$ cat target.txt   # compact mmCIF, C-alpha atoms
# COMPACT_ATOMS: atom_id res chain seq x y z
CA MET X 1 22.12 -20.48 47.04
CA ASN X 2 20.93 -24.05 46.86
CA LEU X 3 23.91 -26.28 46.36
CA PHE X 4 22.24 -27.99 43.43
CA GLU X 5 22.66 -24.71 41.56
CA ALA X 6 26.42 -25.34 41.84
CA TYR X 7 26.16 -27.92 39.06
CA SER X 8 27.25 -25.30 36.52
CA GLU X 9 27.85 -26.03 32.85
CA GLN X 10 31.59 -26.06 33.52
CA ILE X 11 31.31 -28.58 36.36
CA LYS X 12 28.92 -30.75 34.39
CA GLU X 13 31.19 -30.70 31.35
CA HIS X 14 34.29 -31.61 33.35
CA SER X 15 32.44 -34.34 35.26
CA LYS X 16 30.92 -35.90 32.17
CA ASN X 17 34.03 -35.61 30.01
CA PRO X 18 36.94 -35.34 32.43
CA HIS X 19 40.36 -34.45 31.03
CA TRP X 20 43.53 -36.42 31.66
CA THR X 21 41.89 -39.66 32.76
CA GLY X 22 43.52 -43.07 33.12
CA LYS X 23 47.05 -44.12 33.89
CA CYS X 24 50.15 -42.52 32.33
CA GLN X 25 52.29 -44.66 30.11
CA GLY X 26 55.69 -44.66 31.73
CA GLU X 27 54.19 -43.67 35.11
CA ASN X 28 56.89 -43.22 37.74
CA VAL X 29 54.75 -41.98 40.64
CA SER X 30 51.25 -42.95 41.77
CA PHE X 31 49.10 -42.27 44.78
CA VAL X 32 45.64 -43.44 45.85
CA ALA X 33 43.50 -41.15 48.02
CA HIS X 34 40.32 -42.40 49.59
CA ASN X 35 37.57 -40.67 51.51
CA PRO X 36 36.24 -43.41 53.80
CA LEU X 37 33.17 -41.37 54.71
CA CYS X 38 31.74 -41.34 51.20
CA GLY X 39 33.78 -43.99 49.39
CA ASP X 40 35.28 -41.65 46.76
CA THR X 41 38.67 -42.76 45.44
CA VAL X 42 41.19 -40.84 43.33
CA THR X 43 44.20 -42.64 41.85
CA ILE X 44 46.85 -40.21 40.62
CA SER X 45 49.37 -41.27 37.99
CA LEU X 46 52.39 -39.09 37.12
CA VAL X 47 55.34 -38.99 34.80
CA ILE X 48 57.97 -36.78 36.35
CA ASP X 49 61.07 -35.96 34.37
CA ASN X 50 63.82 -33.81 35.79
CA GLN X 51 61.59 -32.13 38.43
CA THR X 52 58.85 -31.42 35.84
CA ILE X 53 55.41 -33.02 35.64
CA THR X 54 55.42 -34.03 32.02
CA GLU X 55 52.11 -35.88 32.36
CA ALA X 56 49.48 -36.18 35.10
CA ARG X 57 46.40 -38.39 34.93
CA ALA X 58 43.84 -39.80 37.34
CA VAL X 59 41.19 -42.45 37.71
CA VAL X 60 38.31 -41.13 39.79
CA ASN X 61 35.55 -43.11 41.39
CA GLY X 62 33.47 -40.35 42.85
CA CYS X 63 30.77 -37.73 42.52
CA ALA X 64 30.44 -34.98 39.91
CA PHE X 65 32.29 -32.41 42.03
CA CYS X 66 35.16 -34.82 42.65
CA ARG X 67 35.44 -35.73 38.97
CA ALA X 68 35.25 -32.10 37.85
CA SER X 69 37.76 -30.74 40.36
CA THR X 70 40.22 -33.48 39.44
CA SER X 71 39.82 -32.69 35.76
CA CYS X 72 40.37 -28.94 36.36
CA LEU X 73 43.43 -29.56 38.50
CA LEU X 74 45.04 -31.96 36.04
CA SER X 75 44.41 -29.50 33.22
CA SER X 76 46.31 -26.89 35.24
CA VAL X 77 49.45 -28.80 36.19
CA GLN X 78 50.65 -30.38 32.94
CA GLY X 79 54.21 -29.22 32.33
CA LEU X 80 54.60 -27.42 35.66
CA SER X 81 57.61 -28.02 37.83
CA LYS X 82 56.91 -30.01 40.95
CA GLN X 83 57.39 -26.90 43.06
CA GLU X 84 55.02 -24.83 40.90
CA ALA X 85 52.36 -27.54 41.15
CA LEU X 86 52.75 -27.77 44.92
CA SER X 87 52.44 -24.01 45.24
CA LEU X 88 49.27 -24.03 43.14
CA ILE X 89 47.74 -26.84 45.23
CA ASP X 90 48.63 -25.09 48.48
CA SER X 91 47.05 -21.86 47.30
CA LEU X 92 43.94 -23.75 46.14
CA LEU X 93 43.64 -25.48 49.51
CA LEU X 94 44.07 -22.17 51.31
CA TRP X 95 41.46 -20.54 49.08
CA SER X 96 39.00 -23.43 49.61
CA LYS X 97 38.73 -22.40 53.26
CA LYS X 98 37.94 -18.74 52.54
CA THR X 99 36.13 -18.67 49.23
CA ARG X 100 33.81 -15.90 50.42
CA GLU X 101 36.66 -13.43 50.85
CA GLU X 102 39.01 -14.29 48.00
CA LYS X 103 39.07 -15.14 44.34
CA PRO X 104 40.61 -18.50 43.41
CA PRO X 105 44.26 -18.65 42.28
CA LEU X 106 43.00 -19.63 38.82
CA ASP X 107 39.66 -18.50 37.33
CA LEU X 108 38.99 -22.11 36.29
CA PHE X 109 38.22 -22.94 39.93
CA ALA X 110 35.68 -20.17 40.54
CA ALA X 111 32.89 -22.64 39.73
CA PHE X 112 33.75 -24.56 42.91
CA THR X 113 33.17 -21.54 45.19
CA PRO X 114 29.70 -22.62 46.46
CA VAL X 115 30.82 -26.24 46.82
CA CYS X 116 33.80 -25.33 48.98
CA ALA X 117 31.45 -23.36 51.24
CA SER X 118 29.59 -26.59 52.01
CA PRO X 119 31.29 -28.58 54.79
CA MET X 120 29.54 -31.68 53.47
CA ARG X 121 30.97 -31.40 49.96
CA LEU X 122 34.28 -29.57 50.44
CA LYS X 123 36.17 -32.86 50.59
CA CYS X 124 34.65 -33.91 47.26
CA VAL X 125 36.49 -30.97 45.67
CA THR X 126 39.76 -31.24 47.57
CA LEU X 127 40.31 -35.02 47.56
CA SER X 128 42.26 -34.97 44.28
CA TRP X 129 44.15 -31.85 45.35
CA TYR X 130 45.47 -33.67 48.41
CA ALA X 131 46.09 -36.77 46.31
CA LEU X 132 48.23 -34.92 43.75
CA LYS X 133 50.11 -33.13 46.53
CA SER X 134 50.92 -36.47 48.17
CA ALA X 135 51.98 -37.98 44.85
CA ILE X 136 54.38 -35.12 44.14
CA GLU X 137 55.79 -35.22 47.67
CA LEU X 138 56.40 -38.94 47.25
CA SER X 139 58.62 -38.18 44.29
CA PHE X 140 61.09 -36.02 46.24
CA MET P 141 31.11 -55.72 75.77
CA MET P 142 33.18 -58.86 76.16
CA THR P 143 31.17 -62.05 76.08
CA PRO P 144 32.93 -64.20 78.69
CA PHE P 145 31.58 -67.54 77.57
CA LEU P 146 33.31 -67.32 74.17
CA GLU P 147 36.62 -69.12 73.67
CA ALA P 148 39.10 -69.52 70.82
CA GLY P 149 37.52 -71.52 68.01
CA ASP P 150 33.94 -70.63 68.96
CA ASN P 151 31.87 -69.44 66.05
CA VAL P 152 29.82 -66.23 65.86
CA ILE P 153 27.40 -65.95 62.94
CA VAL P 154 26.46 -62.59 61.43
CA SER P 155 24.33 -61.77 58.41
CA PRO P 156 25.65 -60.05 55.25
CA LEU P 157 23.34 -57.12 55.96
CA GLU P 158 24.99 -55.96 59.16
CA HIS P 159 25.84 -52.38 60.08
CA HIS P 160 29.47 -52.03 61.19
CA ALA P 161 28.15 -51.61 64.75
CA ASN P 162 27.29 -55.31 64.75
CA LEU P 163 30.51 -56.39 63.04
CA LEU P 164 33.45 -54.53 64.55
CA PRO P 165 32.98 -55.79 68.14
CA TRP P 166 32.93 -59.38 66.85
CA TYR P 167 35.94 -58.77 64.61
CA ARG P 168 37.84 -57.34 67.57
CA GLN P 169 36.98 -60.38 69.66
CA GLN P 170 38.05 -62.62 66.79
CA LYS P 171 41.42 -60.86 66.76
CA ASN P 172 41.82 -60.82 70.53
CA ILE P 173 40.70 -64.29 71.57
CA GLY P 174 40.56 -66.30 68.35
CA THR P 175 36.83 -66.72 67.89
CA LEU P 176 35.68 -67.19 64.31
CA VAL P 177 33.17 -64.79 62.75
CA SER P 178 31.34 -66.21 59.76
CA THR P 179 28.82 -64.51 57.48
CA ILE P 180 25.61 -66.22 56.50
CA SER P 181 25.56 -67.16 52.85
CA THR P 182 22.18 -66.18 51.41
CA GLU P 183 20.37 -67.38 48.29
CA ASP P 184 18.86 -63.94 47.68
CA LYS P 185 21.15 -60.93 48.21
CA PHE P 186 18.27 -58.87 49.62
CA GLU P 187 16.83 -61.47 52.00
CA VAL P 188 18.03 -63.64 54.89
CA THR P 189 15.88 -66.72 55.37
CA LEU P 190 15.69 -69.25 58.16
CA SER P 191 17.15 -71.93 55.88
CA ASP P 192 20.10 -69.61 55.06
CA ILE P 193 20.79 -69.40 58.78
CA GLU P 194 20.30 -73.10 59.46
CA ARG P 195 22.84 -73.92 56.75
CA SER P 196 25.39 -71.61 58.40
CA ILE P 197 25.23 -73.15 61.88
CA THR P 198 28.16 -75.38 62.81
CA PRO P 199 28.80 -77.45 65.96
CA SER P 200 31.04 -74.62 67.22
CA THR P 201 28.43 -71.85 66.76
CA LYS P 202 27.81 -70.08 70.07
CA ILE P 203 26.19 -66.82 68.99
CA ILE P 204 23.98 -65.66 66.15
CA SER P 205 24.18 -61.87 66.06
CA VAL P 206 21.96 -60.28 63.44
CA THR P 207 20.03 -57.16 62.66
CA HIS P 208 16.26 -57.22 63.02
CA VAL P 209 15.81 -54.84 60.07
CA SER P 210 18.49 -53.89 57.53
CA ASN P 211 19.46 -50.20 57.60
CA VAL P 212 20.16 -50.31 53.85
CA LEU P 213 17.57 -52.69 52.41
CA GLY P 214 14.72 -52.67 54.92
CA THR P 215 14.83 -56.47 55.01
CA ILE P 216 13.13 -57.98 58.08
CA LEU P 217 14.88 -61.01 59.53
CA PRO P 218 12.80 -63.83 61.07
CA ILE P 219 14.12 -63.29 64.59
CA LYS P 220 11.52 -65.39 66.45
CA GLU P 221 12.16 -68.39 64.21
CA ILE P 222 15.94 -67.91 64.45
CA THR P 223 15.67 -67.87 68.23
CA GLN P 224 13.62 -71.07 68.23
CA ILE P 225 16.18 -73.05 66.26
CA ALA P 226 19.06 -71.46 68.19
CA LYS P 227 17.64 -72.48 71.55
CA GLU P 228 17.48 -76.12 70.43
CA LYS P 229 21.21 -75.95 69.75
CA ASN P 230 22.11 -73.91 72.85
CA ILE P 231 23.12 -70.90 70.74
CA ARG P 232 22.68 -67.34 72.03
CA VAL P 233 20.89 -64.82 69.79
CA PHE P 234 21.84 -61.13 69.89
CA VAL P 235 19.75 -58.70 67.85
CA ASP P 236 20.55 -55.21 66.56
CA GLY P 237 17.10 -53.66 66.82
CA SER P 238 18.12 -50.12 65.87
CA GLN P 239 16.06 -50.06 62.68
CA ALA P 240 13.12 -52.03 64.04
CA ALA P 241 12.25 -50.29 67.30
CA ALA P 242 10.43 -47.35 65.72
CA ASN P 243 9.00 -49.25 62.78
CA LEU P 244 7.71 -52.60 64.04
CA PRO P 245 5.71 -53.58 67.11
CA VAL P 246 8.59 -55.31 68.94
CA SER P 247 8.07 -57.68 71.85
CA ILE P 248 11.48 -58.86 73.01
CA LYS P 249 9.84 -61.47 75.23
CA ASN P 250 8.00 -62.84 72.22
CA LEU P 251 11.11 -62.80 70.05
CA GLY P 252 12.92 -64.81 72.73
CA CYS P 253 16.39 -63.43 71.99
CA ASP P 254 19.14 -63.14 74.62
CA ALA P 255 19.98 -59.51 73.89
CA TYR P 256 18.28 -56.71 71.94
CA ILE P 257 20.00 -53.40 71.25
CA VAL P 258 18.30 -50.12 70.37
CA SER P 259 19.47 -46.56 69.65
CA ALA P 260 17.51 -43.46 70.67
CA HIS P 261 18.36 -41.56 67.49
CA LYS P 262 16.54 -44.20 65.43
CA MET P 263 13.45 -43.67 67.59
CA TYR P 264 13.05 -39.92 66.99
CA GLY P 265 15.26 -39.31 70.04
CA PRO P 266 18.64 -37.68 70.67
CA SER P 267 21.98 -39.08 69.52
CA GLY P 268 24.45 -40.66 71.93
CA VAL P 269 21.98 -42.79 73.88
CA GLY P 270 20.98 -46.40 73.47
CA ALA P 271 19.98 -49.47 75.43
CA LEU P 272 21.14 -53.04 75.76
CA ILE P 273 18.19 -55.15 76.81
CA ILE P 274 19.66 -58.43 77.95
CA ASP P 275 18.88 -61.64 79.77
CA LYS P 276 19.80 -60.86 83.38
CA ALA P 277 21.62 -64.11 84.09
CA LEU P 278 23.74 -63.55 80.98
CA ALA P 279 24.44 -59.92 81.92
CA GLU P 280 25.65 -61.05 85.35
CA THR P 281 28.55 -62.83 83.63
CA PHE P 282 29.71 -59.73 81.74
CA GLU P 283 32.77 -57.79 82.80
CA PRO P 284 32.30 -54.03 82.42
CA TYR P 285 34.10 -52.81 79.29
CA GLN P 286 34.28 -49.27 80.64
CA LEU P 287 35.36 -48.17 84.08
CA GLY P 288 34.41 -44.96 85.85
CA GLY P 289 32.43 -43.37 88.62
CA GLY P 290 29.14 -44.63 89.96
CA MET P 291 29.60 -48.25 88.94
CA VAL P 292 31.12 -49.51 92.18
CA LEU P 293 29.94 -50.39 95.65
CA ASP P 294 33.32 -49.54 97.09
CA VAL P 295 36.90 -48.64 96.18
CA LYS P 296 39.69 -49.01 98.74
CA ASP P 297 43.20 -50.34 99.17
CA GLY P 298 43.65 -50.74 95.41
CA GLU P 299 40.54 -52.90 95.07
CA MET P 300 37.16 -52.20 93.45
CA ILE P 301 33.86 -53.89 94.17
CA PHE P 302 31.41 -53.49 91.31
CA ALA P 303 27.82 -52.41 91.94
CA PRO P 304 24.93 -54.72 91.00
CA LEU P 305 23.34 -54.53 87.55
CA PRO P 306 22.66 -52.29 85.77
CA GLU P 307 24.92 -49.72 87.45
CA ARG P 308 28.11 -51.72 87.01
CA LEU P 309 27.67 -51.60 83.22
CA GLU P 310 26.96 -47.84 83.28
CA ALA P 311 30.34 -46.30 84.06
CA GLY P 312 30.72 -42.55 84.41
CA THR P 313 28.14 -39.81 84.15
CA LEU P 314 25.35 -40.86 81.85
CA PRO P 315 24.08 -38.49 79.12
CA ILE P 316 21.24 -37.27 81.33
CA GLU P 317 19.71 -34.81 78.87
CA GLY P 318 19.78 -37.49 76.17
CA ILE P 319 17.97 -39.98 78.38
CA ILE P 320 15.29 -37.43 79.29
CA GLY P 321 14.96 -36.53 75.60
CA TRP P 322 14.63 -40.20 74.70
CA GLN P 323 11.82 -40.61 77.21
CA ALA P 324 9.96 -37.76 75.49
CA ALA P 325 10.53 -39.46 72.11
CA ILE P 326 9.22 -42.78 73.44
CA GLU P 327 6.14 -41.06 74.83
CA TYR P 328 5.60 -39.44 71.43
CA LEU P 329 6.00 -42.79 69.65
CA SER P 330 3.68 -44.44 72.16
CA SER P 331 0.93 -41.95 71.34
CA PHE P 332 0.42 -43.79 68.04
CA LYS P 333 -1.23 -47.19 67.81
CA LYS P 334 1.55 -49.65 66.90
CA GLU P 335 -0.44 -51.40 64.19
CA GLU P 336 -1.55 -48.13 62.58
CA LYS P 337 1.99 -46.78 62.66
CA GLU P 338 3.33 -49.93 60.98
CA LYS P 339 0.54 -49.82 58.39
CA HIS P 340 1.33 -46.15 57.60
CA LEU P 341 5.06 -46.85 57.21
CA ARG P 342 4.51 -49.95 55.08
CA ASN P 343 2.04 -48.08 52.88
CA LEU P 344 4.47 -45.20 52.24
CA ARG P 345 7.39 -47.53 51.60
CA SER P 346 5.35 -49.64 49.21
CA LYS P 347 4.12 -46.59 47.27
CA ALA P 348 7.61 -45.11 47.07
CA TRP P 349 9.00 -48.45 45.90
CA GLU P 350 6.37 -48.61 43.15
CA ALA P 351 6.93 -44.98 42.11
CA LEU P 352 10.71 -45.31 41.93
CA SER P 353 10.54 -48.61 40.08
CA LYS P 354 9.00 -46.70 37.15
CA ILE P 355 11.95 -44.29 36.81
CA LYS P 356 14.18 -45.18 33.87
CA GLY P 357 17.81 -45.81 34.82
CA LEU P 358 17.01 -46.33 38.49
CA THR P 359 17.86 -49.56 40.28
CA LEU P 360 16.22 -50.44 43.58
CA PHE P 361 18.18 -52.14 46.34
CA GLY P 362 16.00 -53.62 49.03
CA SER P 363 13.46 -56.11 50.17
CA LYS P 364 10.14 -55.33 48.50
CA ASP P 365 8.23 -56.45 51.60
CA GLY P 366 10.58 -54.83 54.08
CA ILE P 367 10.08 -51.89 56.37
CA GLY P 368 11.86 -48.63 57.09
CA ALA P 369 14.50 -47.98 54.47
CA PHE P 370 15.35 -49.04 50.96
CA SER P 371 18.10 -47.77 48.70
CA PHE P 372 18.53 -46.86 45.07
CA ALA P 373 21.13 -45.99 42.46
CA VAL P 374 20.60 -43.97 39.30
CA GLU P 375 22.80 -44.67 36.33
CA GLY P 376 25.16 -41.74 35.71
CA VAL P 377 24.26 -39.91 38.94
CA HIS P 378 26.48 -40.44 41.98
CA SER P 379 24.52 -40.92 45.21
CA HIS P 380 26.09 -37.82 46.78
CA ASP P 381 25.03 -35.67 43.83
CA MET P 382 21.57 -37.21 44.10
CA ALA P 383 21.44 -36.34 47.81
CA THR P 384 22.52 -32.76 47.14
CA ILE P 385 19.89 -32.22 44.45
CA LEU P 386 17.17 -33.87 46.55
CA ASP P 387 18.21 -31.64 49.44
CA GLY P 388 17.50 -28.66 47.20
CA ASN P 389 13.99 -30.09 46.88
CA SER P 390 13.62 -30.38 50.68
CA VAL P 391 13.98 -34.15 50.51
CA CYS P 392 16.62 -35.60 52.84
CA VAL P 393 18.18 -38.91 51.90
CA ARG P 394 21.38 -40.49 53.15
CA ALA P 395 24.10 -41.22 50.60
CA GLY P 396 27.17 -43.39 50.89
CA HIS P 397 27.98 -46.88 52.14
CA HIS P 398 25.65 -46.60 55.16
CA CYS P 399 28.24 -48.13 57.49
CA ALA P 400 27.63 -51.47 55.80
CA LYS P 401 30.72 -51.91 53.64
CA PRO P 402 30.60 -55.73 53.49
CA LEU P 403 27.05 -55.49 52.14
CA MET P 404 28.12 -52.88 49.57
CA GLY P 405 30.80 -55.33 48.44
CA ILE P 406 28.21 -58.07 48.00
CA LEU P 407 25.95 -55.70 46.06
CA GLY P 408 28.95 -54.68 43.94
CA ILE P 409 28.45 -50.96 44.47
CA GLU P 410 30.39 -48.16 46.17
CA SER P 411 27.53 -46.02 47.37
CA LEU P 412 23.75 -45.80 47.38
CA ALA P 413 21.10 -43.21 48.17
CA ARG P 414 18.74 -44.38 50.90
CA VAL P 415 15.10 -43.50 51.40
CA SER P 416 13.42 -44.02 54.75
CA PHE P 417 10.06 -43.04 56.15
CA GLY P 418 8.87 -41.73 59.48
CA ILE P 419 5.45 -41.27 60.97
CA TYR P 420 5.53 -37.60 59.94
CA ASN P 421 5.89 -38.40 56.21
CA ASP P 422 3.00 -38.53 53.76
CA GLU P 423 2.47 -39.21 50.07
CA SER P 424 3.42 -35.66 49.08
CA ASP P 425 6.96 -36.54 50.20
CA ILE P 426 7.03 -39.38 47.65
CA GLU P 427 5.96 -36.95 44.93
CA ALA P 428 8.78 -34.58 45.97
CA LEU P 429 11.24 -37.48 45.95
CA VAL P 430 10.28 -38.55 42.43
CA LYS P 431 10.39 -34.94 41.21
CA GLY P 432 13.85 -34.50 42.73
CA ILE P 433 15.22 -37.70 41.18
CA VAL P 434 13.96 -36.67 37.75
CA GLN P 435 15.49 -33.23 38.26
CA ALA P 436 18.84 -34.82 39.17
CA GLN P 437 18.73 -36.85 35.97
CA ARG P 438 17.90 -33.72 33.99
CA ILE P 439 20.76 -31.75 35.55
CA LEU P 440 23.46 -34.40 35.41
CA LEU P 441 22.69 -36.64 32.45
$ encode --input "target.txt" --output "structure tokens"
Amino acid sequence: MNLFEAYSEQIKEHSKNPHWTGKCQGENVSFVAHNPLCGDTVTISLVIDNQTITEARAVVNGCAFCRASTSCLLSSVQGLSKQEALSLIDSLLLWSKKTREEKPPLDLFAAFTPVCASPMRLKCVTLSWYALKSAIELSF
Amino acid sequence: MMTPFLEAGDNVIVSPLEHHANLLPWYRQQKNIGTLVSTISTEDKFEVTLSDIERSITPSTKIISVTHVSNVLGTILPIKEITQIAKEKNIRVFVDGSQAAANLPVSIKNLGCDAYIVSAHKMYGPSGVGALIIDKALAETFEPYQLGGGMVLDVKDGEMIFAPLPERLEAGTLPIEGIIGWQAAIEYLSSFKKEEKEKHLRNLRSKAWEALSKIKGLTLFGSKDGIGAFSFAVEGVHSHDMATILDGNSVCVRAGHHCAKPLMGILGIESLARVSFGIYNDESDIEALVKGIVQAQRILL
């Protein structure tokens, strides 16, 4: 499969109209992740109330895969407890390394299967996953 | 390599177009011994003229260290003229020739610079090998920055006696297979007439420039009369997505900051896609490039 075929309708939609963008009002945790090799930057903004992520947003300066994966992740963690979100991210990161053998923890991420198989673009997908993980860990 | 004649307060001039390879060593020296690195202020963000350089020289300038050809913009710097004005002021000129060696007919003697640096992988050769071509009297003053086997005449009683040049600057086992591979690449390059090779590369670059300038939403970044590379950005399409889609069309471009982050800051952009031409390219590659860019716009916009 040519990687350009990975620009599915779902990825294009999430990259063009990403969900949960910007900075949360009342933000109490933030984290900036940067990939120095390509210049992509993800700034995570969270409102955490009593161990629950009541709101998660991000500002992304990056490629279509980076924007789309951030949008999908943020759509999946609203209202989760910190521990539930961390577990989801860990399982996503684990899956990203063996996408040929396993289905993703959430169907929403199946569109990223061919991208994760590309060593050149894997980090585009996972940058925001690591960023959110770091932001949550900062809040403990 | 430490330049022993530099002292605290001495000024090293670099251009805004430099690859990190010609910045970081000077920044380290600035931090370690207190030299001052200053960047030439240019009137045109894609060009570096002799008058830009003349304006940047101060009484404490000891070195002008610039690229011969920009790896992002293809801009050609007037090295011979820079060397002429530098010599009048007793300033050394070091040149990063990585992007020029395979594209321009280079005569280091004619350029008159004190040091000229080339990389094999920019000359159709293997990675990990390069050369520092330097004025011998100047090289004699350099302390080796790496220590290892084969660079000494003798080692005994806790003392080391360095070998003569060039061995004393070639510590350890050299990348033998890379050097042999580079020789093959140089022989291949030498099989083409220099002027014809330059004409071919200029012709392709000029035609690609013209073709891309007609694409709506595309901005060119480069010197129109340059050589080698130029870069571009397409509104709404990140350079890495552009590179991926072009790759699917068998067109390889580099995407990112091109190890020239200060230049990207001046251009006000995070990343660019870069087009460059080799002697094996022809006009059908330009057609494939244009087709791929249009496809990327169709897919992502």
$ closest_atom_pairs --input "target.txt" --of "chain X" --to "chain P" --cutoff "12 Å" --atoms "all atoms listed in the file" --output "tab-separated table"
residue	atom	partner	partner_atom	distance
X:Met1	CA	P:Gly388	CA	9.4
X:Asn2	CA	P:Gly388	CA	5.8
X:Leu3	CA	P:Thr384	CA	6.7
X:Phe4	CA	P:Ile385	CA	4.9
X:Glu5	CA	P:Ile385	CA	8.5
X:Ala6	CA	P:Ile385	CA	9.8
X:Tyr7	CA	P:Ile439	CA	7.5
X:Ser8	CA	P:Ile439	CA	9.2
X:Glu9	CA	P:Ile439	CA	9.5
X:Gln10	CA	P:Leu440	CA	11.8
X:Ile11	CA	P:Leu440	CA	9.8
X:Lys12	CA	P:Leu440	CA	6.6
X:Glu13	CA	P:Leu440	CA	9.5
X:His14	CA	P:Leu440	CA	11.4
X:Ser15	CA	P:Leu440	CA	9.0
X:Lys16	CA	P:Leu441	CA	8.3
X:Asn17	CA	P:Leu441	CA	11.6
X:His34	CA	P:Glu410	CA	12.0
X:Asn35	CA	P:Gly396	CA	10.8
X:Pro36	CA	P:His397	CA	9.1
X:Leu37	CA	P:Gly396	CA	7.4
X:Cys38	CA	P:Gly396	CA	5.0
X:Gly39	CA	P:Glu410	CA	6.3
X:Asp40	CA	P:Glu410	CA	8.2
X:Thr41	CA	P:Glu410	CA	9.9
X:Asn61	CA	P:Glu410	CA	8.7
X:Gly62	CA	P:His378	CA	7.0
X:Cys63	CA	P:His378	CA	5.1
X:Ala64	CA	P:Asp381	CA	6.7
X:Phe65	CA	P:Asp381	CA	8.2
X:Cys66	CA	P:Asp381	CA	10.2
X:Arg67	CA	P:His378	CA	10.6
X:Val115	CA	P:Thr384	CA	10.6
X:Ser118	CA	P:Thr384	CA	10.6
X:Met120	CA	P:Thr384	CA	9.5
X:Arg121	CA	P:His380	CA	8.7
X:Lys123	CA	P:His380	CA	11.9
X:Cys124	CA	P:His380	CA	9.4
$ residues_around --input "target.txt" --residues "stretch 248-255 of chain P" --least-positions-apart "5" --cutoff "10 Å" --atoms "all atoms listed in the file" --output "mmCIF file with C-alpha atoms, in the frame of the given file"
data_model
loop_
_atom_site.group_PDB
_atom_site.id
_atom_site.type_symbol
_atom_site.label_atom_id
_atom_site.label_comp_id
_atom_site.auth_asym_id
_atom_site.auth_seq_id
_atom_site.Cartn_x
_atom_site.Cartn_y
_atom_site.Cartn_z
ATOM 1 C CA ILE P 203 26.190 -66.820 68.990
ATOM 2 C CA ILE P 204 23.980 -65.660 66.150
ATOM 3 C CA SER P 205 24.180 -61.870 66.060
ATOM 4 C CA PRO P 218 12.800 -63.830 61.070
ATOM 5 C CA ILE P 219 14.120 -63.290 64.590
ATOM 6 C CA LYS P 220 11.520 -65.390 66.450
ATOM 7 C CA GLU P 221 12.160 -68.390 64.210
ATOM 8 C CA ILE P 222 15.940 -67.910 64.450
ATOM 9 C CA THR P 223 15.670 -67.870 68.230
ATOM 10 C CA GLN P 224 13.620 -71.070 68.230
ATOM 11 C CA ALA P 226 19.060 -71.460 68.190
ATOM 12 C CA LYS P 227 17.640 -72.480 71.550
ATOM 13 C CA ILE P 231 23.120 -70.900 70.740
ATOM 14 C CA ARG P 232 22.680 -67.340 72.030
ATOM 15 C CA VAL P 233 20.890 -64.820 69.790
ATOM 16 C CA PHE P 234 21.840 -61.130 69.890
ATOM 17 C CA VAL P 235 19.750 -58.700 67.850
ATOM 18 C CA ASP P 236 20.550 -55.210 66.560
ATOM 19 C CA GLY P 237 17.100 -53.660 66.820
ATOM 20 C CA LEU P 272 21.140 -53.040 75.760
ATOM 21 C CA ILE P 273 18.190 -55.150 76.810
ATOM 22 C CA ILE P 274 19.660 -58.430 77.950
ATOM 23 C CA ASP P 275 18.880 -61.640 79.770
ATOM 24 C CA LYS P 276 19.800 -60.860 83.380
ATOM 25 C CA ALA P 277 21.620 -64.110 84.090
ATOM 26 C CA LEU P 278 23.740 -63.550 80.980
ATOM 27 C CA ALA P 279 24.440 -59.920 81.920
#
$ atom_distance --input "target.txt" --atom1 "atom CA of P:Glu194" --atom2 "atom CA of P:Thr179"
12.3 Å
$ residues_around --input "target.txt" --residues "X:Ser45" --least-positions-apart "3" --cutoff "9 Å" --atoms "only C-alpha atoms" --output "PyMOL selection string"
chain X and resi 22-24+27-32+55-59+132+135
$ axis_aligned_box --input "target.txt" --around "stretch 29-46 of chain X" --padding-each-side "8 Å" --output "lines of an AutoDock Vina configuration file"
center_x = 43.2
center_y = -41.5
center_z = 45.9
size_x = 39.0
size_y = 20.9
size_z = 33.6
$ closest_residue --input "target.txt" --among "X:Leu46, X:Cys72, X:Ala33, X:Leu86" --to "X:Asp107" --atoms "all atoms listed in the file"
X:Cys72
$ residues_near_point --input "target.txt" --point "(38.8, -33.6, 43.7)" --cutoff "6 Å" --atoms "all atoms listed in the file" --output "list in words"
Cys66, Ser69, Thr70, Cys124, Val125, Thr126, Leu127, Ser128 and Trp129 of chain X
$ write_last_selection --input "target.txt" --atoms "C-alpha atoms" --output "PDB file, keeping the file's coordinate frame"
ATOM      1  CA  CYS X  66      35.160 -34.820  42.650  1.00  0.00           C
ATOM      2  CA  SER X  69      37.760 -30.740  40.360  1.00  0.00           C
ATOM      3  CA  THR X  70      40.220 -33.480  39.440  1.00  0.00           C
ATOM      4  CA  CYS X 124      34.650 -33.910  47.260  1.00  0.00           C
ATOM      5  CA  VAL X 125      36.490 -30.970  45.670  1.00  0.00           C
ATOM      6  CA  THR X 126      39.760 -31.240  47.570  1.00  0.00           C
ATOM      7  CA  LEU X 127      40.310 -35.020  47.560  1.00  0.00           C
ATOM      8  CA  SER X 128      42.260 -34.970  44.280  1.00  0.00           C
ATOM      9  CA  TRP X 129      44.150 -31.850  45.350  1.00  0.00           C
TER      10      TRP X 129
END
$ atom_distance --input "target.txt" --atom1 "atom CA of P:Tyr264" --atom2 "atom CA of P:Leu341"
14.4 Å
